[in-house]
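Here is structure19.pdb, consisting of PDB, C-alpha atoms:
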```
ATOM      1  CA  MET A   1      11.098  10.811  -8.302  1.00  0.00           C
ATOM      2  CA  THR A   2      10.860   7.329  -9.808  1.00  0.00           C
ATOM      3  CA  ASP A   3       8.703   4.344  -8.866  1.00  0.00           C
ATOM      4  CA  GLU A   4      11.832   2.766  -7.395  1.00  0.00           C
ATOM      5  CA  GLN A   5      12.450   5.748  -5.118  1.00  0.00           C
ATOM      6  CA  TYR A   6       8.834   5.918  -3.962  1.00  0.00           C
ATOM      7  CA  ILE A   7       8.592   2.170  -3.255  1.00  0.00           C
ATOM      8  CA  ASP A   8      11.785   2.429  -1.202  1.00  0.00           C
ATOM      9  CA  ILE A   9      10.046   5.044   0.980  1.00  0.00           C
ATOM     10  CA  ALA A  10       7.135   2.654   1.549  1.00  0.00           C
ATOM     11  CA  ILE A  11       9.556  -0.151   2.423  1.00  0.00           C
ATOM     12  CA  GLU A  12      11.463   2.159   4.779  1.00  0.00           C
ATOM     13  CA  ILE A  13       8.189   3.005   6.555  1.00  0.00           C
ATOM     14  CA  SER A  14       7.503  -0.729   6.950  1.00  0.00           C
ATOM     15  CA  LYS A  15      10.728  -1.173   8.909  1.00  0.00           C
ATOM     16  CA  ASN A  16       9.471   0.979  11.783  1.00  0.00           C
ATOM     17  CA  ALA A  17       5.731   0.305  11.616  1.00  0.00           C
ATOM     18  CA  LYS A  18       3.839  -1.610  14.283  1.00  0.00           C
ATOM     19  CA  TYR A  19       3.252  -4.242  11.593  1.00  0.00           C
ATOM     20  CA  PRO A  20       5.825  -4.575   8.783  1.00  0.00           C
ATOM     21  CA  TYR A  21       3.861  -2.796   6.072  1.00  0.00           C
ATOM     22  CA  GLY A  22       4.242   0.711   4.707  1.00  0.00           C
ATOM     23  CA  ALA A  23       2.427   2.826   2.135  1.00  0.00           C
ATOM     24  CA  ILE A  24       2.461   6.273   0.597  1.00  0.00           C
ATOM     25  CA  VAL A  25       0.010   8.148  -1.616  1.00  0.00           C
ATOM     26  CA  VAL A  26       1.507  10.256  -4.403  1.00  0.00           C
ATOM     27  CA  LYS A  27      -0.346  12.665  -6.669  1.00  0.00           C
ATOM     28  CA  ASP A  28       1.213  15.040  -9.169  1.00  0.00           C
ATOM     29  CA  GLY A  29       4.689  14.145  -7.889  1.00  0.00           C
ATOM     30  CA  GLU A  30       3.891  15.051  -4.273  1.00  0.00           C
ATOM     31  CA  ILE A  31       3.632  12.657  -1.340  1.00  0.00           C
ATOM     32  CA  LEU A  32       0.192  13.444   0.077  1.00  0.00           C
ATOM     33  CA  GLY A  33      -0.162  10.682   2.622  1.00  0.00           C
ATOM     34  CA  ARG A  34       1.961   8.224   4.555  1.00  0.00           C
ATOM     35  CA  SER A  35       1.005   5.231   6.660  1.00  0.00           C
ATOM     36  CA  ASP A  36       3.347   6.396   9.410  1.00  0.00           C
ATOM     37  CA  ASP A  37       1.390   9.634   9.832  1.00  0.00           C
ATOM     38  CA  LYS A  38      -0.629   7.974  12.647  1.00  0.00           C
ATOM     39  CA  THR A  39      -3.983   9.267  11.476  1.00  0.00           C
ATOM     40  CA  LEU A  40      -5.881   6.104  12.441  1.00  0.00           C
ATOM     41  CA  MET A  41      -6.020   4.148  15.685  1.00  0.00           C
ATOM     42  CA  GLU A  42      -3.251   1.573  15.679  1.00  0.00           C
ATOM     43  CA  THR A  43      -5.375  -0.905  17.582  1.00  0.00           C
ATOM     44  CA  SER A  44      -7.931  -1.302  14.810  1.00  0.00           C
ATOM     45  CA  MET A  45      -7.758  -4.462  12.740  1.00  0.00           C
ATOM     46  CA  PHE A  46      -8.555  -2.214   9.783  1.00  0.00           C
ATOM     47  CA  SER A  47      -5.461  -0.045  10.239  1.00  0.00           C
ATOM     48  CA  HIS A  48      -3.714  -1.404   7.169  1.00  0.00           C
ATOM     49  CA  ALA A  49      -0.919   0.684   5.679  1.00  0.00           C
ATOM     50  CA  GLU A  50      -2.902   1.523   2.540  1.00  0.00           C
ATOM     51  CA  LEU A  51      -5.906   2.754   4.521  1.00  0.00           C
ATOM     52  CA  GLU A  52      -3.699   4.790   6.844  1.00  0.00           C
ATOM     53  CA  ALA A  53      -1.973   6.424   3.855  1.00  0.00           C
ATOM     54  CA  ILE A  54      -5.339   7.213   2.220  1.00  0.00           C
ATOM     55  CA  GLU A  55      -6.645   8.650   5.497  1.00  0.00           C
ATOM     56  CA  SER A  56      -3.448  10.696   5.890  1.00  0.00           C
ATOM     57  CA  ALA A  57      -3.756  12.107   2.365  1.00  0.00           C
ATOM     58  CA  SER A  58      -7.422  12.874   2.854  1.00  0.00           C
ATOM     59  CA  LYS A  59      -6.980  14.629   6.191  1.00  0.00           C
ATOM     60  CA  ASN A  60      -3.754  16.443   5.405  1.00  0.00           C
ATOM     61  CA  LYS A  61      -4.926  17.865   2.098  1.00  0.00           C
ATOM     62  CA  ASN A  62      -8.696  17.875   2.668  1.00  0.00           C
ATOM     63  CA  LEU A  63      -9.016  15.498  -0.273  1.00  0.00           C
ATOM     64  CA  TYR A  64     -11.818  13.212   0.901  1.00  0.00           C
ATOM     65  CA  GLY A  65     -13.092  11.548  -2.262  1.00  0.00           C
ATOM     66  CA  ASP A  66     -10.606  13.483  -4.407  1.00  0.00           C
ATOM     67  CA  LEU A  67      -7.677  11.115  -4.801  1.00  0.00           C
ATOM     68  CA  LYS A  68      -8.594  10.242  -8.383  1.00  0.00           C
ATOM     69  CA  GLY A  69      -5.425   9.742 -10.399  1.00  0.00           C
ATOM     70  CA  ALA A  70      -3.186   9.260  -7.358  1.00  0.00           C
ATOM     71  CA  ILE A  71      -0.634   6.452  -7.079  1.00  0.00           C
ATOM     72  CA  MET A  72      -0.381   4.020  -4.150  1.00  0.00           C
ATOM     73  CA  TYR A  73       3.079   2.691  -3.293  1.00  0.00           C
ATOM     74  CA  VAL A  74       2.941  -0.130  -0.775  1.00  0.00           C
ATOM     75  CA  SER A  75       5.525  -2.511   0.642  1.00  0.00           C
ATOM     76  CA  CYS A  76       3.175  -5.479   0.212  1.00  0.00           C
ATOM     77  CA  GLU A  77       0.463  -6.315  -2.294  1.00  0.00           C
ATOM     78  CA  PRO A  78      -2.874  -4.863  -1.175  1.00  0.00           C
ATOM     79  CA  CYS A  79      -5.396  -7.212   0.379  1.00  0.00           C
ATOM     80  CA  MET A  80      -8.965  -7.361  -0.875  1.00  0.00           C
ATOM     81  CA  MET A  81     -10.146  -4.698   1.607  1.00  0.00           C
ATOM     82  CA  CYS A  82      -7.364  -2.263   0.756  1.00  0.00           C
ATOM     83  CA  MET A  83      -7.722  -2.825  -2.964  1.00  0.00           C
ATOM     84  CA  GLY A  84     -11.404  -1.990  -2.590  1.00  0.00           C
ATOM     85  CA  ALA A  85     -10.490   1.364  -1.015  1.00  0.00           C
ATOM     86  CA  ILE A  86      -7.926   2.032  -3.760  1.00  0.00           C
ATOM     87  CA  LEU A  87     -10.518   1.328  -6.444  1.00  0.00           C
ATOM     88  CA  TYR A  88     -13.162   3.389  -4.632  1.00  0.00           C
ATOM     89  CA  GLU A  89     -10.826   6.401  -4.552  1.00  0.00           C
ATOM     90  CA  GLU A  90     -10.029   5.870  -8.253  1.00  0.00           C
ATOM     91  CA  PHE A  91      -6.255   5.616  -7.984  1.00  0.00           C
ATOM     92  CA  SER A  92      -4.600   5.362 -11.398  1.00  0.00           C
ATOM     93  CA  LYS A  93      -1.753   3.097 -10.330  1.00  0.00           C
ATOM     94  CA  VAL A  94      -0.638   0.702  -7.602  1.00  0.00           C
ATOM     95  CA  VAL A  95       3.003  -0.240  -7.120  1.00  0.00           C
ATOM     96  CA  TYR A  96       3.828  -2.964  -4.615  1.00  0.00           C
ATOM     97  CA  ALA A  97       6.922  -4.846  -3.472  1.00  0.00           C
ATOM     98  CA  ALA A  98       6.228  -8.132  -1.632  1.00  0.00           C
ATOM     99  CA  THR A  99       3.280 -10.329  -2.565  1.00  0.00           C
ATOM    100  CA  LEU A 100       0.465 -11.493  -0.299  1.00  0.00           C
ATOM    101  CA  GLN A 101       2.021 -14.949  -0.556  1.00  0.00           C
ATOM    102  CA  ASP A 102       5.341 -13.505   0.690  1.00  0.00           C
ATOM    103  CA  SER A 103       3.521 -12.044   3.689  1.00  0.00           C
ATOM    104  CA  ASN A 104       1.788 -15.369   4.272  1.00  0.00           C
ATOM    105  CA  ASP A 105       5.072 -17.276   4.088  1.00  0.00           C
ATOM    106  CA  ASN A 106       7.146 -14.905   6.226  1.00  0.00           C
ATOM    107  CA  TYR A 107       4.944 -12.938   8.614  1.00  0.00           C
ATOM    108  CA  CYS A 108       1.245 -13.752   9.003  1.00  0.00           C
ATOM    109  CA  PRO A 109      -1.569 -15.687   7.330  1.00  0.00           C
ATOM    110  CA  GLU A 110      -3.174 -13.803   4.458  1.00  0.00           C
ATOM    111  CA  MET A 111      -6.247 -14.299   2.338  1.00  0.00           C
ATOM    112  CA  ILE A 112      -4.636 -14.665  -1.070  1.00  0.00           C
ATOM    113  CA  THR A 113      -6.558 -12.802  -3.769  1.00  0.00           C
ATOM    114  CA  ASN A 114      -5.889 -12.090  -7.416  1.00  0.00           C
ATOM    115  CA  ILE A 115      -5.146  -8.372  -7.712  1.00  0.00           C
ATOM    116  CA  ASP A 116      -5.756  -8.437 -11.466  1.00  0.00           C
ATOM    117  CA  GLU A 117      -9.262  -9.804 -10.899  1.00  0.00           C
ATOM    118  CA  LEU A 118      -9.976  -7.122  -8.291  1.00  0.00           C
ATOM    119  CA  ALA A 119      -8.667  -4.417 -10.636  1.00  0.00           C
ATOM    120  CA  LYS A 120     -11.402  -5.322 -13.126  1.00  0.00           C
ATOM    121  CA  TYR A 121     -13.852  -3.554 -10.803  1.00  0.00           C
ATOM    122  CA  SER A 122     -12.131  -0.204 -11.288  1.00  0.00           C
ATOM    123  CA  LYS A 123     -14.181   2.576 -12.886  1.00  0.00           C
ATOM    124  CA  ASN A 124     -11.100   3.497 -14.888  1.00  0.00           C
ATOM    125  CA  LYS A 125      -8.119   1.460 -16.002  1.00  0.00           C
ATOM    126  CA  ILE A 126      -5.668   1.038 -13.134  1.00  0.00           C
ATOM    127  CA  GLU A 127      -2.014   0.212 -13.765  1.00  0.00           C
ATOM    128  CA  ILE A 128      -0.460  -2.358 -11.441  1.00  0.00           C
ATOM    129  CA  VAL A 129       3.306  -2.635 -11.060  1.00  0.00           C
ATOM    130  CA  LYS A 130       4.133  -5.869  -9.262  1.00  0.00           C
ATOM    131  CA  GLU A 131       7.061  -6.953  -7.107  1.00  0.00           C
ATOM    132  CA  LEU A 132       9.201  -3.820  -7.447  1.00  0.00           C
ATOM    133  CA  HIS A 133      12.099  -4.213  -4.977  1.00  0.00           C
ATOM    134  CA  ARG A 134      10.357  -7.342  -3.713  1.00  0.00           C
ATOM    135  CA  ASN A 135      13.466  -8.772  -2.016  1.00  0.00           C
ATOM    136  CA  LYS A 136      13.879  -5.646   0.128  1.00  0.00           C
ATOM    137  CA  ALA A 137      10.300  -5.968   1.366  1.00  0.00           C
ATOM    138  CA  ILE A 138      10.597  -9.714   1.960  1.00  0.00           C
ATOM    139  CA  LYS A 139      13.658  -9.057   4.103  1.00  0.00           C
ATOM    140  CA  VAL A 140      11.576  -6.787   6.369  1.00  0.00           C
ATOM    141  CA  LEU A 141       8.798  -9.383   6.619  1.00  0.00           C
ATOM    142  CA  LYS A 142      11.324 -12.096   7.504  1.00  0.00           C
ATOM    143  CA  GLU A 143      13.056  -9.964  10.136  1.00  0.00           C
ATOM    144  CA  ARG A 144       9.787  -9.022  11.785  1.00  0.00           C
ATOM    145  CA  GLY A 145       8.378 -12.536  11.528  1.00  0.00           C
ATOM    146  CA  GLU A 146      11.176 -14.122  13.530  1.00  0.00           C
TER     147      GLU A 146
END
```
As structure tokens, how would this structure be written, given the file I've shared?
Amino acid sequence: MTDEQYIDIAIEISKNAKYPYGAIVVKDGEILGRSDDKTLMETSMFSHAELEAIESASKNKNLYGDLKGAIMYVSCEPCMMCMGAILYEEFSKVVYAATLQDSNDNYCPEMITNIDELAKYSKNKIEIVKELHRNKAIKVLKERGE
């Protein structure tokens, strides 16, 4: 599958999520974790899509601490907390659709951070693909923010 196909899955998840964000973890061409897998308590303020997808991948494949080289596809740019988890797990790539500013403008207040600055803390080089199918993700944020 392509980045475009994977990001569309994350955006599709966001349409039905409690909050309009969706994420998947892919490694070696296989989807290992999804934020709609309901592996974390939905009532936690830390139940962000990225963390739910990481938890799903870890539990489903017994990969705690072994997601090195995986790719995170997320409907919205990761916040500082989620980016920290992505860097900790040593993902090789992050692909996101909407920006934190888009979320701020259309759904809820966000702490705007510079993802490129956060990526500098990675043990290994991490590729970041920005704003792929951004308009699709913004549409979900707008619909849910009304």
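Using the PyMOL selection byres ((chain A and resi 15) around 10) on the file at hand returns these residues: Ala10, Ile11, Glu12, Ile13, Ser14, Asn16, Ala17, Lys18, Tyr19, Pro20, Tyr21, Gly22, Ser75, Ala137, Lys139, Val140, Leu141, Glu143 and Arg144 of chain A.
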Could you check how far atom CA of Thr113 of chain A sits from atom CA of Tyr6 of chain A, in Å to one decimal?
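Atom CA of Tyr6 of chain A lies at a distance of 24.2 Å from atom CA of Thr113 of chain A.
Candidate residues A:Met81, A:Leu100, A:Ala57, A:Ile9 were compared for distance to Val25 of chain A, and the nearest is A:Ala57, using all atoms listed in the file.
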Can you spell out as a list of chain:residue names the set of residues that the PyMOL selection byres ((chain A and resi 34-37) around 8) selects in the structure I just provided?
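Evaluating the PyMOL selection byres ((chain A and resi 34-37) around 8) on these coordinates yields A:Ile13, A:Ala17, A:Gly22, A:Ala23, A:Ile24, A:Val25, A:Ile31, A:Leu32, A:Gly33, A:Lys38, A:Thr39, A:Ala49, A:Glu50, A:Leu51, A:Glu52, A:Ala53, A:Ile54, A:Ser56, A:Ala57.
If only C-alpha atoms are the atoms counted, then among A:Met83, A:Asp66, A:Ser47, A:Tyr96 the closest residue to Lys120 of chain A is A:Met83.
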Counting only C-alpha atoms, which of A:Glu131, A:Glu89, A:Glu77, A:Asp102 gets nearest to Glu55 of chain A?
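Ranking A:Glu131, A:Glu89, A:Glu77, A:Asp102 by distance to Glu55 of chain A, first place goes to A:Glu89.
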To verify the selection step, state as a list in words which residues the PyMOL selection byres ((chain A and resi 67) around 10) yields on this input.
Val25, Val26, Lys27, Leu32, Ile54, Ala57, Ser58, Leu63, Tyr64, Gly65, Asp66, Lys68, Gly69, Ala70, Ile71, Ile86, Tyr88, Glu89, Glu90, Phe91 and Ser92 of chain A
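Pairwise distance (atom CA of Lys130 of chain A, atom CA of Glu4 of chain A) equals 11.7 Å.
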Go through A:Ile7, A:Met72, A:Ala97, A:Cys79 and flag the residue nearest Met111 of chain A, using all atoms listed in the file for the distances.
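Answer, going by the shortest atom-to-atom distance: A:Cys79.
When only C-alpha atoms are used to measure the gap to Met80 of chain A, the shortest distance among A:Leu132, A:Ile115, A:Ile138, A:Ile126 belongs to A:Ile115.
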Find the residue from A:Phe46, A:Tyr73, A:Tyr107, A:Tyr121 that sits nearest to Val95 of chain A; use all atoms listed in the file when measuring.
A:Tyr73
Between atom CA of Cys108 of chain A and atom CA of Glu146 of chain A, what is the distance in Å, rounded to a tenth?
10.9 Å
Excluding Met1 of chain A and residues on its chain fewer than 4 positions from it, collect all residues at most 10 Å away from it, counting all atoms listed in the file, and give them as number ranges by chain.
A: 5-6, 29-30
